[in-house]
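Presented below is the structure to which this report refers.
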Amino acid sequence: MTYDDNNIFAKILRGEIPCEKIYEDDYVLSFYDINPQKKIHALVIPKGSYIDLDDFASKASEQEISGLIKGINIVAKKLKISSDTGKGYRTLANISENGGQEVPHLHFHLFGGEKLGKMIV
Ligand code: 5GP
């Protein structure tokens, strides 16, 4: 599968579609999910063109990989849901068909702001 430049998150990255931005640096963009599933539902995406986590793990540079992981932590802190607040959150990446991935640009969901219950229901 090749990366589709016209996926919705690629358009958001290019500024062609607006988003409610939470955070941005050289490696990541974070914004609120348009259809929140929990009180807080944020997305963190790498700036590079990667379809999913497997694509990212095999092609991304060490800086991009650490930038994404650090970006998730920065966003969690910004949203005051990180573990050091005593709250915590859940992060999730859907991968390909069986994972239920809808947008073919790697993204991590961050859910928080309330008790999340069981991981899979
Ligand atoms: P997936 O199922 O691929 O893991 O998740 C895709 C997520 O992207 C969904 O939670 C969906 O609500 C969100 N989404 C889809 N289109 C847009 C959009 O245009 N803007 C934002 N902010 N989120 C979107």
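Each chain in the structure tokens gets a letter, A, B, ..., in the order shown, and its residues are numbered from 1; ligands are numbered from 1 in order too.
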
Legend entry - helix (DSSP H, G or I) residues, from DSSP on the backbone, in segment 3-76 of chain A, as a count of residues only: 28

Legend entry - Distance filter 8 Å around ligand 1, atoms: only C-alpha atoms and all ligand atoms, out as a PyMOL selection string: chain A and resi 8-9+12+17-20+31-37+43+92-95+99-105+107-109

If we count only C-alpha atoms and set the cut-off at 10 Å, which residues sit around Lys87 of chain A, ignoring sequence neighbours fewer than 3 positions away in its own chain? Please answer as a PDB file with N, CA, C and O atoms, in the first residue's frame.
```pdb
ATOM      1  N   LYS A  80      -3.334  18.033  30.760  1.00  0.00           N
ATOM      2  CA  LYS A  80      -3.412  17.723  32.191  1.00  0.00           C
ATOM      3  C   LYS A  80      -4.025  16.348  32.457  1.00  0.00           C
ATOM      4  O   LYS A  80      -4.824  16.157  33.388  1.00  0.00           O
ATOM      5  N   ILE A  81      -3.652  15.401  31.617  1.00  0.00           N
ATOM      6  CA  ILE A  81      -4.129  14.022  31.815  1.00  0.00           C
ATOM      7  C   ILE A  81      -2.967  13.052  32.018  1.00  0.00           C
ATOM      8  O   ILE A  81      -3.179  11.854  32.150  1.00  0.00           O
ATOM      9  N   SER A  82      -1.740  13.566  32.013  1.00  0.00           N
ATOM     10  CA  SER A  82      -0.571  12.683  32.118  1.00  0.00           C
ATOM     11  C   SER A  82      -0.519  12.038  33.506  1.00  0.00           C
ATOM     12  O   SER A  82      -1.187  12.491  34.446  1.00  0.00           O
ATOM     13  N   SER A  83       0.279  10.998  33.631  1.00  0.00           N
ATOM     14  CA  SER A  83       0.303  10.242  34.892  1.00  0.00           C
ATOM     15  C   SER A  83       0.764  11.098  36.062  1.00  0.00           C
ATOM     16  O   SER A  83       0.329  10.887  37.197  1.00  0.00           O
ATOM     17  N   ASP A  84       1.623  12.093  35.806  1.00  0.00           N
ATOM     18  CA  ASP A  84       2.096  12.907  36.934  1.00  0.00           C
ATOM     19  C   ASP A  84       1.023  13.836  37.498  1.00  0.00           C
ATOM     20  O   ASP A  84       1.216  14.442  38.551  1.00  0.00           O
ATOM     21  N   GLY A 112      -9.145  10.667  27.606  1.00  0.00           N
ATOM     22  CA  GLY A 112      -8.974  10.970  29.025  1.00  0.00           C
ATOM     23  C   GLY A 112     -10.071  11.881  29.529  1.00  0.00           C
ATOM     24  O   GLY A 112     -11.112  12.066  28.889  1.00  0.00           O
ATOM     25  N   GLY A 113      -9.821  12.428  30.724  1.00  0.00           N
ATOM     26  CA  GLY A 113     -10.787  13.353  31.322  1.00  0.00           C
ATOM     27  C   GLY A 113     -11.882  12.664  32.094  1.00  0.00           C
ATOM     28  O   GLY A 113     -12.755  13.318  32.665  1.00  0.00           O
ATOM     29  N   GLU A 114     -11.883  11.343  32.090  1.00  0.00           N
ATOM     30  CA  GLU A 114     -12.890  10.563  32.817  1.00  0.00           C
ATOM     31  C   GLU A 114     -12.374   9.134  32.946  1.00  0.00           C
ATOM     32  O   GLU A 114     -11.409   8.754  32.279  1.00  0.00           O
ATOM     33  N   LYS A 115     -13.027   8.325  33.780  1.00  0.00           N
ATOM     34  CA  LYS A 115     -12.682   6.898  33.879  1.00  0.00           C
ATOM     35  C   LYS A 115     -13.039   6.235  32.553  1.00  0.00           C
ATOM     36  O   LYS A 115     -14.146   6.417  32.037  1.00  0.00           O
TER      37      LYS A 115
END
```

Legend entry - Point-to-point distance from atom CA of Tyr3 of chain A to atom CA of Ile120 of chain A, Å rounded to tenths: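 Straight-line distance from atom CA of Tyr3 of chain A to atom CA of Ile120 of chain A works out to 28.6 Å.
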
Inset, instruction - Enumerate, as a VMD selection string, the complete set of residues in segment 44-108 of chain A that a backbone-based DSSP assignment places in strand (DSSP E or B). - result: chain A and resid 44 to 46 89 to 92 108

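Taking only C-alpha atoms, the non-local environment of segment 72-78 of chain A within 8 Å (same-chain residues fewer than 3 positions away omitted) comprises Ile22, Tyr23, Ser30, Val44, Leu68, Ile69, Ile81, Ser82, Tyr89, Phe108 and Leu110 of chain A.
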
Inset, instruction - Have a look at atom CA of Tyr27 of chain A and atom CA of Leu53 of chain A and let me know their distance in Å, one decimal. - result: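 Going from atom CA of Tyr27 of chain A over to atom CA of Leu53 of chain A, I get 14.9 Å.
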
Legend entry - Long-range neighbours of Lys59 of chain A as a PyMOL selection string, 12 Å cut-off, only C-alpha atoms, 6 positions minimum in chain: chain A and resi 48-53+65

May I have the residues from that selection written out with all heavy atoms, as a compact mmCIF listing (two decimals), in the first residue's frame?
```txt
# COMPACT_ATOMS: atom_id res chain seq x y z
N GLY A 48 5.54 13.44 9.15
CA GLY A 48 5.94 12.67 7.97
C GLY A 48 4.77 11.83 7.44
O GLY A 48 3.80 11.58 8.15
N SER A 49 4.93 11.39 6.19
CA SER A 49 3.86 10.64 5.51
C SER A 49 3.97 9.14 5.80
O SER A 49 4.62 8.41 5.04
CB SER A 49 3.95 10.88 3.99
OG SER A 49 3.85 12.26 3.72
N TYR A 50 3.34 8.71 6.87
CA TYR A 50 3.37 7.29 7.25
C TYR A 50 1.95 6.78 7.39
O TYR A 50 1.11 7.42 8.01
CB TYR A 50 4.13 7.11 8.57
CG TYR A 50 5.55 7.61 8.47
CD1 TYR A 50 5.92 8.82 9.04
CD2 TYR A 50 6.50 6.89 7.76
CE1 TYR A 50 7.21 9.30 8.92
CE2 TYR A 50 7.81 7.36 7.64
CZ TYR A 50 8.15 8.56 8.22
OH TYR A 50 9.42 9.04 8.09
N ILE A 51 1.72 5.62 6.82
CA ILE A 51 0.36 5.07 6.78
C ILE A 51 -0.10 4.60 8.17
O ILE A 51 -1.23 4.88 8.59
CB ILE A 51 0.29 3.88 5.80
CG1 ILE A 51 0.69 4.32 4.39
CG2 ILE A 51 -1.10 3.25 5.80
CD1 ILE A 51 0.95 3.19 3.42
N ASP A 52 0.78 3.87 8.83
CA ASP A 52 0.39 3.30 10.13
C ASP A 52 1.66 3.04 10.94
O ASP A 52 2.77 3.36 10.50
CB ASP A 52 -0.45 2.02 9.94
CG ASP A 52 0.26 0.95 9.14
OD1 ASP A 52 1.52 0.92 9.16
OD2 ASP A 52 -0.41 0.13 8.50
N LEU A 53 1.48 2.44 12.11
CA LEU A 53 2.62 2.24 13.01
C LEU A 53 3.70 1.34 12.40
O LEU A 53 4.90 1.58 12.59
CB LEU A 53 2.13 1.66 14.34
CG LEU A 53 3.15 1.60 15.47
CD1 LEU A 53 3.68 2.99 15.83
CD2 LEU A 53 2.55 0.95 16.70
N ILE A 65 10.89 9.03 15.38
CA ILE A 65 10.29 8.07 16.32
C ILE A 65 10.28 8.66 17.73
O ILE A 65 9.25 8.67 18.41
CB ILE A 65 11.04 6.71 16.27
CG1 ILE A 65 10.76 6.04 14.92
CG2 ILE A 65 10.61 5.81 17.43
CD1 ILE A 65 11.60 4.81 14.61
```
